[in-house]
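Source file: protein_17.tsv (TSV, C-alpha atoms)
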chain	number	residue	atom	x	y	z
A	5	MET	CA	-88.20	-17.29	21.25
A	6	SER	CA	-90.80	-20.05	21.15
A	7	SER	CA	-89.97	-23.30	22.92
A	8	VAL	CA	-91.69	-25.31	20.20
A	9	GLU	CA	-91.50	-24.50	16.51
A	10	ARG	CA	-94.19	-25.80	14.16
A	11	LEU	CA	-93.19	-26.48	10.57
A	12	ASP	CA	-96.23	-26.77	8.29
A	13	GLU	CA	-95.59	-29.07	5.35
A	14	GLY	CA	-99.21	-29.91	4.58
A	15	ALA	CA	-99.75	-33.59	5.28
A	16	VAL	CA	-96.60	-33.58	7.42
A	17	GLN	CA	-96.59	-31.36	10.49
A	18	ILE	CA	-93.35	-31.05	12.46
A	19	LEU	CA	-93.19	-29.98	16.09
A	20	ARG	CA	-89.58	-29.20	16.96
A	21	ILE	CA	-88.60	-28.59	20.55
A	22	ASN	CA	-86.38	-25.56	20.30
A	23	ARG	CA	-84.44	-25.14	23.55
A	24	PRO	CA	-80.83	-25.95	22.63
A	25	ASP	CA	-79.50	-23.87	25.53
A	26	ARG	CA	-81.35	-26.27	27.88
A	27	LYS	CA	-80.62	-29.38	25.77
A	28	ASN	CA	-84.27	-29.34	24.68
A	29	ALA	CA	-85.44	-30.04	28.23
A	30	LEU	CA	-89.17	-29.83	28.87
A	31	ASP	CA	-90.65	-27.30	31.26
A	32	LEU	CA	-94.26	-26.29	31.85
A	33	GLU	CA	-94.11	-23.66	29.11
A	34	THR	CA	-92.94	-26.27	26.60
A	35	PHE	CA	-95.77	-28.62	27.53
A	36	ALA	CA	-98.23	-25.75	27.14
A	37	GLU	CA	-96.85	-24.85	23.71
A	38	LEU	CA	-96.98	-28.48	22.52
A	39	ARG	CA	-100.60	-28.69	23.65
A	40	ALA	CA	-101.46	-25.37	21.97
A	41	HIS	CA	-99.99	-26.65	18.70
A	42	ALA	CA	-102.03	-29.83	19.05
A	43	GLU	CA	-105.20	-27.80	19.52
A	44	ALA	CA	-104.35	-25.64	16.50
A	45	LEU	CA	-103.77	-28.71	14.33
A	46	ARG	CA	-107.36	-29.83	14.92
A	47	SER	CA	-108.42	-27.25	12.33
A	48	VAL	CA	-105.79	-28.26	9.75
A	49	PRO	CA	-107.59	-30.65	7.38
A	50	THR	CA	-104.44	-31.63	5.50
A	51	VAL	CA	-102.56	-33.09	8.49
A	52	ARG	CA	-101.87	-36.81	8.15
A	53	GLY	CA	-99.08	-37.21	10.68
A	54	VAL	CA	-97.09	-35.29	13.27
A	55	ILE	CA	-93.33	-35.55	13.70
A	56	ILE	CA	-91.87	-34.71	17.10
A	57	THR	CA	-88.20	-33.84	17.08
A	58	GLY	CA	-85.67	-31.63	18.83
A	59	ASP	CA	-83.34	-28.86	17.76
A	60	PRO	CA	-80.31	-30.88	16.63
A	61	SER	CA	-77.68	-28.24	17.38
A	62	GLY	CA	-77.07	-29.55	20.90
A	63	GLY	CA	-76.82	-33.19	19.86
A	64	VAL	CA	-79.86	-34.05	22.00
A	65	PHE	CA	-83.41	-35.09	21.09
A	66	VAL	CA	-84.94	-34.21	24.46
A	67	SER	CA	-83.04	-34.29	27.73
A	68	GLY	CA	-86.13	-34.91	29.86
A	69	GLY	CA	-87.74	-32.58	32.32
A	70	ASP	CA	-85.96	-29.29	32.95
A	71	LEU	CA	-84.75	-29.95	36.49
A	72	LYS	CA	-83.62	-26.37	36.98
A	73	ALA	CA	-87.09	-25.08	36.16
A	74	LEU	CA	-88.90	-27.84	38.09
A	75	ARG	CA	-86.75	-28.03	41.22
A	76	ASP	CA	-89.25	-25.97	43.21
A	77	VAL	CA	-91.76	-28.82	42.85
A	78	ARG	CA	-91.16	-30.57	46.17
A	79	THR	CA	-94.32	-32.48	47.03
A	80	ALA	CA	-96.02	-35.61	45.75
A	81	ARG	CA	-99.08	-33.57	44.85
A	82	GLY	CA	-97.00	-31.11	42.85
A	83	ALA	CA	-95.24	-33.93	41.03
A	84	ARG	CA	-98.53	-35.59	40.13
A	85	ASP	CA	-99.85	-32.26	38.85
A	86	LEU	CA	-96.73	-31.95	36.71
A	87	ALA	CA	-97.18	-35.45	35.31
A	88	ARG	CA	-100.85	-34.76	34.57
A	89	LYS	CA	-99.82	-31.78	32.44
A	90	ALA	CA	-97.51	-34.08	30.50
A	91	HIS	CA	-100.34	-36.62	30.09
A	92	ALA	CA	-102.71	-33.90	28.91
A	93	THR	CA	-100.17	-32.78	26.33
A	94	LEU	CA	-99.64	-36.29	24.99
A	95	ASP	CA	-103.39	-36.95	24.98
A	96	ALA	CA	-103.98	-33.75	22.99
A	97	LEU	CA	-101.49	-34.91	20.37
A	98	ARG	CA	-102.98	-38.41	20.22
A	99	ASP	CA	-106.50	-36.99	19.92
A	100	LEU	CA	-105.57	-35.68	16.47
A	101	GLY	CA	-106.12	-39.24	15.23
A	102	VAL	CA	-102.94	-39.31	13.11
A	103	PRO	CA	-99.68	-41.16	13.72
A	104	LEU	CA	-97.13	-39.51	15.98
A	105	VAL	CA	-93.58	-40.10	14.79
A	106	ALA	CA	-90.48	-39.46	16.90
A	107	ALA	CA	-87.53	-38.40	14.75
A	108	VAL	CA	-84.62	-38.92	17.12
A	109	ALA	CA	-81.47	-37.23	15.84
A	110	GLY	CA	-79.70	-36.93	19.19
A	111	ASP	CA	-79.55	-38.72	22.52
A	112	ALA	CA	-82.73	-38.97	24.58
A	113	TYR	CA	-82.70	-38.79	28.37
A	114	GLY	CA	-85.36	-39.62	30.95
A	115	GLY	CA	-88.54	-37.86	29.89
A	116	GLY	CA	-87.18	-37.64	26.35
A	117	CYS	CA	-87.27	-41.44	26.22
A	118	GLU	CA	-90.83	-41.32	27.57
A	119	LEU	CA	-91.82	-38.81	24.90
A	120	ALA	CA	-90.43	-41.10	22.20
A	121	ALA	CA	-92.16	-44.10	23.78
A	122	ALA	CA	-95.51	-42.28	23.63
A	123	CYS	CA	-95.26	-41.96	19.85
A	124	ASP	CA	-96.58	-44.56	17.41
A	125	TYR	CA	-93.37	-44.88	15.39
A	126	ARG	CA	-89.76	-44.09	16.23
A	127	VAL	CA	-86.83	-43.53	13.88
A	128	ALA	CA	-83.38	-43.02	15.38
A	129	GLU	CA	-80.10	-42.06	13.82
A	130	ALA	CA	-77.30	-44.58	14.20
A	131	GLN	CA	-75.30	-42.51	16.70
A	132	VAL	CA	-78.24	-42.06	19.09
A	133	ARG	CA	-78.40	-43.53	22.57
A	134	PHE	CA	-81.41	-43.74	24.87
A	135	HIS	CA	-80.77	-43.03	28.55
A	136	TRP	CA	-83.54	-44.20	30.90
A	137	VAL	CA	-82.00	-42.36	33.85
A	138	GLN	CA	-85.03	-41.87	36.12
A	139	ALA	CA	-83.71	-44.26	38.77
A	140	ARG	CA	-80.51	-42.21	39.09
A	141	PHE	CA	-82.68	-39.36	40.36
A	142	GLY	CA	-84.66	-41.48	42.78
A	143	VAL	CA	-87.89	-41.36	40.78
A	144	THR	CA	-90.00	-43.60	38.59
A	145	THR	CA	-91.18	-42.83	35.10
A	146	GLY	CA	-94.07	-40.39	35.24
A	147	TRP	CA	-95.40	-39.80	31.73
A	148	GLY	CA	-96.56	-43.32	30.85
A	149	GLY	CA	-93.03	-44.51	30.11
A	150	ALA	CA	-93.12	-47.76	32.08
A	151	ALA	CA	-96.35	-49.01	30.52
A	152	ASN	CA	-95.27	-47.98	27.02
A	153	LEU	CA	-91.87	-49.61	27.44
A	154	LEU	CA	-93.35	-52.86	28.71
A	155	GLU	CA	-95.66	-52.94	25.70
A	156	LEU	CA	-92.81	-52.36	23.26
A	157	VAL	CA	-89.88	-54.40	24.60
A	158	GLY	CA	-91.25	-56.77	27.27
A	159	ARG	CA	-90.61	-57.10	30.99
A	160	GLY	CA	-87.03	-58.40	30.95
A	161	THR	CA	-85.63	-55.73	28.67
A	162	ALA	CA	-87.64	-52.97	30.35
A	163	THR	CA	-86.34	-54.14	33.72
A	164	ARG	CA	-82.73	-54.02	32.54
A	165	TRP	CA	-83.05	-50.60	30.92
A	166	LEU	CA	-84.91	-48.96	33.80
A	167	LEU	CA	-82.93	-50.48	36.66
A	168	THR	CA	-79.37	-50.30	35.33
A	169	THR	CA	-79.85	-46.93	33.54
A	170	ASP	CA	-77.19	-48.09	31.07
A	171	PRO	CA	-77.29	-46.24	27.72
A	172	VAL	CA	-79.12	-48.12	24.96
A	173	GLY	CA	-77.72	-47.74	21.45
A	174	ALA	CA	-79.93	-47.31	18.42
A	175	ASP	CA	-79.23	-50.81	17.08
A	176	GLU	CA	-80.05	-52.42	20.43
A	177	ALA	CA	-83.22	-50.34	20.64
A	178	ARG	CA	-84.27	-51.57	17.20
A	179	ALA	CA	-83.48	-55.20	18.01
A	180	ALA	CA	-85.57	-54.93	21.19
A	181	GLY	CA	-88.53	-53.42	19.34
A	182	PHE	CA	-88.32	-49.91	20.78
A	183	VAL	CA	-87.17	-48.31	17.53
A	184	GLU	CA	-88.71	-49.16	14.17
A	185	ALA	CA	-85.91	-47.80	11.98
A	186	VAL	CA	-82.25	-46.84	12.35
A	187	VAL	CA	-80.87	-44.43	9.75
A	188	ASP	CA	-77.66	-42.58	9.01
A	189	ALA	CA	-76.81	-39.36	10.82
A	190	GLY	CA	-78.92	-36.50	9.49
A	191	ALA	CA	-81.58	-38.75	7.94
A	192	ALA	CA	-84.15	-39.19	10.73
A	193	LEU	CA	-86.39	-36.31	9.70
A	194	ASP	CA	-86.47	-37.36	6.05
A	195	HIS	CA	-87.35	-40.95	7.02
A	196	ALA	CA	-90.16	-39.67	9.23
A	197	ARG	CA	-91.47	-37.51	6.40
A	198	ASP	CA	-91.41	-40.47	4.01
A	199	PHE	CA	-93.33	-42.63	6.49
A	200	ILE	CA	-96.11	-40.06	6.84
A	201	THR	CA	-96.19	-39.49	3.08
A	202	ARG	CA	-96.85	-43.21	2.59
A	203	VAL	CA	-99.56	-43.10	5.27
A	204	ALA	CA	-101.15	-40.13	3.47
A	205	ARG	CA	-101.70	-42.26	0.36
A	206	GLN	CA	-104.35	-44.21	2.27
A	207	PRO	CA	-107.92	-42.95	2.91
A	208	LYS	CA	-107.92	-40.57	5.85
A	209	ALA	CA	-110.93	-42.15	7.57
A	210	GLY	CA	-109.35	-45.59	7.42
A	211	THR	CA	-106.12	-44.29	8.90
A	212	ARG	CA	-107.94	-42.62	11.79
A	213	ARG	CA	-109.85	-45.81	12.60
A	214	MET	CA	-106.69	-47.91	12.42
A	215	VAL	CA	-104.72	-45.51	14.61
A	216	PHE	CA	-107.52	-45.60	17.19
A	217	LEU	CA	-107.69	-49.40	17.10
A	218	LEU	CA	-103.94	-49.87	17.44
A	219	ARG	CA	-103.70	-47.51	20.39
A	220	GLU	CA	-106.76	-48.71	22.26
A	221	THR	CA	-106.03	-52.43	21.96
A	222	ALA	CA	-102.47	-51.81	23.14
A	223	ARG	CA	-103.69	-49.80	26.14
A	224	LEU	CA	-106.47	-51.98	27.51
A	225	ASP	CA	-104.42	-52.59	30.66
A	226	SER	CA	-102.14	-49.55	30.57
A	227	ARG	CA	-104.83	-47.18	31.86
A	228	ARG	CA	-104.58	-48.83	35.25
A	229	ALA	CA	-100.79	-48.84	34.91
A	230	ARG	CA	-100.82	-45.09	34.28
A	231	VAL	CA	-102.75	-44.46	37.50
A	232	LEU	CA	-100.29	-46.60	39.45
A	233	GLU	CA	-97.31	-44.89	37.82
A	234	LEU	CA	-98.72	-41.46	38.61
A	235	ASP	CA	-98.98	-42.36	42.30
A	236	HIS	CA	-95.46	-43.77	42.54
A	237	PHE	CA	-94.00	-40.89	40.51
A	238	GLY	CA	-95.51	-38.40	42.94
A	239	ARG	CA	-94.33	-40.30	46.01
A	240	SER	CA	-90.80	-40.80	44.68
A	241	TRP	CA	-90.47	-37.18	43.50
A	242	ALA	CA	-91.18	-35.94	47.02
A	243	THR	CA	-88.37	-37.98	48.63
A	244	THR	CA	-85.09	-36.63	49.95
A	245	ASP	CA	-83.28	-39.06	47.63
A	246	HIS	CA	-84.76	-37.34	44.60
A	247	HIS	CA	-84.19	-33.78	45.78
A	248	ASP	CA	-80.59	-34.56	46.77
A	249	ALA	CA	-79.92	-36.17	43.38
A	250	VAL	CA	-81.30	-33.15	41.56
A	251	ALA	CA	-79.17	-30.80	43.68
A	252	ARG	CA	-76.04	-32.81	42.88
A	253	PHE	CA	-76.89	-32.82	39.18
A	254	LEU	CA	-77.48	-29.06	39.05
A	255	GLN	CA	-74.32	-28.37	41.06
A	256	LYS	CA	-72.33	-30.52	38.62
A	257	ARG	CA	-73.86	-28.69	35.64
Produce C-alpha cells that represent the structure in this file.
Amino acid sequence: MSSVERLDEGAVQILRINRPDRKNALDLETFAELRAHAEALRSVPTVRGVIITGDPSGGVFVSGGDLKALRDVRTARGARDLARKAHATLDALRDLGVPLVAAVAGDAYGGGCELAAACDYRVAEAQVRFHWVQARFGVTTGWGGAANLLELVGRGTATRWLLTTDPVGADEARAAGFVEAVVDAGAALDHARDFITRVARQPKAGTRRMVFLLRETARLDSRRARVLELDHFGRSWATTDHHDAVARFLQKR
C-alpha cells in the first residue's frame, strides 16, 4: 500500500500520509512518495493549493521520523543526507507556487511539527497537541523547524517549546501564532478545503507572486539558519545520547 495517498479534487489537492500502523511516521520511502506527488502536480493546471494531512485512524497527524526505519543511520553525514532529503521534499512542494496547508487532525510529534511548520497555513482540531520532542532524543530540529518556529512564534516561545518538550495544545498554538485556526474534531480537512477554495477565487498569477513574496521575505535570514541547523542536526544525531534514547524508545514500544 502506498505511504502517501493523493486525493484529486481539482483546485484542492490532498496528500495524506497513510501509515497508521507506524503512526504516520516518515521514512525515506514516504519522503520519496511526497516528492513524486509534488513533481506530478506540476502538470496539473487546476491545482490552487495542497493540503498535507495524515491518516486519522491512529489519532496522529505525523509522529515524526520513523526511528525504527532510520535507526541504522549512525553518522553525522548520514543524518545530514537524511535531512537533505526532507528539505528536497519540502522544496519540491513549495516550488508548486501554491499555498501548502497543514490539516492537523491528530497529535504531531517531532518531525510532524516541523512538517506543519513548513506549511503556509495550519488548521488544528481542538483536541490536538504539538509535541516538539527532539531534545528528548538528543537531537536538534533538522528539517527547518527551528527557523520556521522562530519566525512564527518568536524566540521566547520557541525556546520554551523546544527546550521543555512540553505538549502544546491547539489553543496555545493559536495564541502563539503557530496555528491560524482551531476547529472542532473532524473539521480540519473541511476548513483547509474552504481556505483553498477562497484562494482559488483570486487570479492564479497573482496568488503565485504573493506566495513567492511571502515565503522569500520571511526567509531572507533563514537560509543561513538552515545551513547551521543541518550541521548541528548531523552532529547531534551521531552522538551516543541520541542512539541510546532511540534504543530506549524502541524497546519501550
Proximity check segment 54-143 of chain A to segment 239-248 of chain A, 7 Å, nearest pairs one decimal Å, only C-alpha atoms, as CSV:
residue,atom,partner,partner_atom,distance
A:Arg78,CA,A:Ala242,CA,5.4
A:Thr79,CA,A:Ala242,CA,4.7
A:Ala80,CA,A:Arg239,CA,5.0
A:Ala83,CA,A:Trp241,CA,6.3
A:Phe141,CA,A:His246,CA,5.1
A:Gly142,CA,A:His246,CA,4.5
A:Val143,CA,A:Ser240,CA,4.9
Legend entry - Who sits within 7 Å of segment 214-219 of chain A, only C-alpha atoms, same chain under 3 positions skipped, as a ChimeraX atom specification: /A:101-103,210-211,222-223
Legend entry - Spatial neighbours of Arg88 of chain A, 9 Å, only C-alpha atoms, chain gap at least 6 places, as an NGL selection string: :A and (146-147 or 234)
Inset, instruction - Please write as a PyMOL selection string the list of polymer residues whose atoms come within 12 Å of (-80.8, -49.0, 37.4), counting all atoms listed in the file and keeping to the coordinates of the file. - result: chain A and resi 135-144+162-171
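The two atoms in question, atom CA of Ala249 of chain A and atom CA of Pro60 of chain A, are spaced 27.3 Å apart.
Closest approach to Arg213 of chain A among A:Leu100, A:Ala121, A:Val132, A:Val66: A:Leu100, based on only C-alpha atoms.
Note that the spacing between atom CA of Ser7 of chain A and atom CA of Arg46 of chain A amounts to 20.2 Å.
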Legend entry - Long-range neighbours of His91 of chain A as a PyMOL selection string, 12 Å cut-off, all atoms listed in the file, 2 positions minimum in chain: chain A and resi 35-36+38-39+84-89+93-99+115+118-119+122+146-149+227+230-231+233-234
Inset, instruction - Identify, on the basis of only C-alpha atoms, every residue whose closest approach to Val186 of chain A does not exceed 8 Å; exclude the query and any residue fewer than 2 positions from it along the same chain; express the result as an MDAnalysis selection string. - result: chainID A and resid 127:130 174:175 178 183:184 188
Restricting it to C-alpha atoms, dump the selection as an mmCIF file, keeping the file's coordinate frame.
data_model
loop_
_atom_site.group_PDB
_atom_site.id
_atom_site.type_symbol
_atom_site.label_atom_id
_atom_site.label_comp_id
_atom_site.auth_asym_id
_atom_site.auth_seq_id
_atom_site.Cartn_x
_atom_site.Cartn_y
_atom_site.Cartn_z
ATOM 1 C CA VAL A 127 -86.830 -43.530 13.880
ATOM 2 C CA ALA A 128 -83.380 -43.020 15.380
ATOM 3 C CA GLU A 129 -80.100 -42.060 13.820
ATOM 4 C CA ALA A 130 -77.300 -44.580 14.200
ATOM 5 C CA ALA A 174 -79.930 -47.310 18.420
ATOM 6 C CA ASP A 175 -79.230 -50.810 17.080
ATOM 7 C CA ARG A 178 -84.270 -51.570 17.200
ATOM 8 C CA VAL A 183 -87.170 -48.310 17.530
ATOM 9 C CA GLU A 184 -88.710 -49.160 14.170
ATOM 10 C CA ASP A 188 -77.660 -42.580 9.010
#
Inset, instruction - Name the residues in contact with Val157 of chain A at a cut-off of 7 Å, using all atoms listed in the file, excluding same-chain residues fewer than 4 positions from it; report them as a PyMOL selection string. - result: chain A and resi 153+161-162+180-182
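Polymer residues near (-95.6, -37.7, 1.8): counting only C-alpha atoms with a cut-off of 10 Å, they are A:Glu13, A:Gly14, A:Ala15, A:Val16, A:Arg52, A:Gly53, A:Ala196, A:Arg197, A:Asp198, A:Phe199, A:Ile200, A:Thr201, A:Arg202, A:Val203, A:Ala204, A:Arg205.
You can rank A:Glu155, A:Glu176, A:Asp111, A:Asp194 by their closest distance to Asn28 of chain A using all atoms listed in the file, and at the top of that list sits A:Asp111.
Between atom CA of Thr145 of chain A and atom CA of Gly158 of chain A there is a distance of 16.0 Å.
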Legend entry - Residue nearest Ala191 of chain A - candidates A:Ile56, A:Val77, A:Ala107, A:Arg20, atoms counted: all atoms listed in the file: A:Ala107
Legend entry - Of the listed residues A:Arg133, A:His195, A:Lys208, A:Arg23, that which approaches Ala177 of chain A most closely, counting all atoms listed in the file: A:Arg133
Would you fill the gaps in segment 60-82 of chain A so it has N, CA and C atoms, then print it as a PDB file, keeping the file's coordinate frame?
ATOM      1  N   PRO A  60     -81.459 -29.976  16.648  1.00  0.00           N
ATOM      2  CA  PRO A  60     -80.310 -30.880  16.630  1.00  0.00           C
ATOM      3  C   PRO A  60     -78.983 -30.245  17.012  1.00  0.00           C
ATOM      4  N   SER A  61     -78.956 -28.928  17.209  1.00  0.00           N
ATOM      5  CA  SER A  61     -77.680 -28.240  17.380  1.00  0.00           C
ATOM      6  C   SER A  61     -76.945 -28.678  18.647  1.00  0.00           C
ATOM      7  N   GLY A  62     -77.702 -29.123  19.662  1.00  0.00           N
ATOM      8  CA  GLY A  62     -77.070 -29.550  20.900  1.00  0.00           C
ATOM      9  C   GLY A  62     -76.768 -31.029  20.964  1.00  0.00           C
ATOM     10  N   GLY A  63     -77.070 -31.757  19.882  1.00  0.00           N
ATOM     11  CA  GLY A  63     -76.820 -33.190  19.860  1.00  0.00           C
ATOM     12  C   GLY A  63     -77.765 -33.992  20.726  1.00  0.00           C
ATOM     13  N   VAL A  64     -78.901 -33.400  21.101  1.00  0.00           N
ATOM     14  CA  VAL A  64     -79.860 -34.050  22.000  1.00  0.00           C
ATOM     15  C   VAL A  64     -81.248 -33.979  21.382  1.00  0.00           C
ATOM     16  N   PHE A  65     -81.998 -35.087  21.489  1.00  0.00           N
ATOM     17  CA  PHE A  65     -83.410 -35.090  21.090  1.00  0.00           C
ATOM     18  C   PHE A  65     -84.201 -34.319  22.141  1.00  0.00           C
ATOM     19  N   VAL A  66     -84.331 -34.890  23.313  1.00  0.00           N
ATOM     20  CA  VAL A  66     -84.940 -34.210  24.460  1.00  0.00           C
ATOM     21  C   VAL A  66     -84.224 -34.749  25.700  1.00  0.00           C
ATOM     22  N   SER A  67     -83.803 -33.860  26.565  1.00  0.00           N
ATOM     23  CA  SER A  67     -83.040 -34.290  27.730  1.00  0.00           C
ATOM     24  C   SER A  67     -83.913 -34.546  28.947  1.00  0.00           C
ATOM     25  N   GLY A  68     -85.224 -34.634  28.753  1.00  0.00           N
ATOM     26  CA  GLY A  68     -86.130 -34.910  29.860  1.00  0.00           C
ATOM     27  C   GLY A  68     -86.727 -33.652  30.430  1.00  0.00           C
ATOM     28  N   GLY A  69     -87.202 -33.755  31.663  1.00  0.00           N
ATOM     29  CA  GLY A  69     -87.740 -32.580  32.320  1.00  0.00           C
ATOM     30  C   GLY A  69     -86.633 -31.607  32.681  1.00  0.00           C
ATOM     31  N   ASP A  70     -86.934 -30.330  32.625  1.00  0.00           N
ATOM     32  CA  ASP A  70     -85.960 -29.290  32.950  1.00  0.00           C
ATOM     33  C   ASP A  70     -85.862 -29.197  34.479  1.00  0.00           C
ATOM     34  N   LEU A  71     -84.857 -29.865  35.040  1.00  0.00           N
ATOM     35  CA  LEU A  71     -84.750 -29.950  36.490  1.00  0.00           C
ATOM     36  C   LEU A  71     -84.511 -28.595  37.137  1.00  0.00           C
ATOM     37  N   LYS A  72     -83.836 -27.709  36.430  1.00  0.00           N
ATOM     38  CA  LYS A  72     -83.620 -26.370  36.980  1.00  0.00           C
ATOM     39  C   LYS A  72     -84.943 -25.634  37.123  1.00  0.00           C
ATOM     40  N   ALA A  73     -85.804 -25.777  36.117  1.00  0.00           N
ATOM     41  CA  ALA A  73     -87.090 -25.080  36.160  1.00  0.00           C
ATOM     42  C   ALA A  73     -88.075 -25.756  37.101  1.00  0.00           C
ATOM     43  N   LEU A  74     -87.916 -27.080  37.315  1.00  0.00           N
ATOM     44  CA  LEU A  74     -88.900 -27.840  38.090  1.00  0.00           C
ATOM     45  C   LEU A  74     -88.447 -28.133  39.515  1.00  0.00           C
ATOM     46  N   ARG A  75     -87.284 -27.630  39.914  1.00  0.00           N
ATOM     47  CA  ARG A  75     -86.750 -28.030  41.220  1.00  0.00           C
ATOM     48  C   ARG A  75     -87.579 -27.498  42.376  1.00  0.00           C
ATOM     49  N   ASP A  76     -88.408 -26.485  42.145  1.00  0.00           N
ATOM     50  CA  ASP A  76     -89.250 -25.970  43.210  1.00  0.00           C
ATOM     51  C   ASP A  76     -90.472 -26.855  43.465  1.00  0.00           C
ATOM     52  N   VAL A  77     -90.705 -27.828  42.593  1.00  0.00           N
ATOM     53  CA  VAL A  77     -91.760 -28.820  42.850  1.00  0.00           C
ATOM     54  C   VAL A  77     -91.211 -29.805  43.862  1.00  0.00           C
ATOM     55  N   ARG A  78     -91.752 -29.801  45.081  1.00  0.00           N
ATOM     56  CA  ARG A  78     -91.160 -30.570  46.170  1.00  0.00           C
ATOM     57  C   ARG A  78     -92.083 -31.648  46.716  1.00  0.00           C
ATOM     58  N   THR A  79     -93.366 -31.572  46.406  1.00  0.00           N
ATOM     59  CA  THR A  79     -94.320 -32.480  47.030  1.00  0.00           C
ATOM     60  C   THR A  79     -94.841 -33.512  46.042  1.00  0.00           C
ATOM     61  N   ALA A  80     -95.416 -34.583  46.593  1.00  0.00           N
ATOM     62  CA  ALA A  80     -96.020 -35.610  45.750  1.00  0.00           C
ATOM     63  C   ALA A  80     -97.173 -35.033  44.944  1.00  0.00           C
ATOM     64  N   ARG A  81     -97.961 -34.178  45.562  1.00  0.00           N
ATOM     65  CA  ARG A  81     -99.080 -33.570  44.850  1.00  0.00           C
ATOM     66  C   ARG A  81     -98.583 -32.717  43.678  1.00  0.00           C
ATOM     67  N   GLY A  82     -97.550 -31.929  43.919  1.00  0.00           N
ATOM     68  CA  GLY A  82     -97.000 -31.110  42.850  1.00  0.00           C
ATOM     69  C   GLY A  82     -96.446 -31.939  41.716  1.00  0.00           C
TER      70      GLY A  82
END
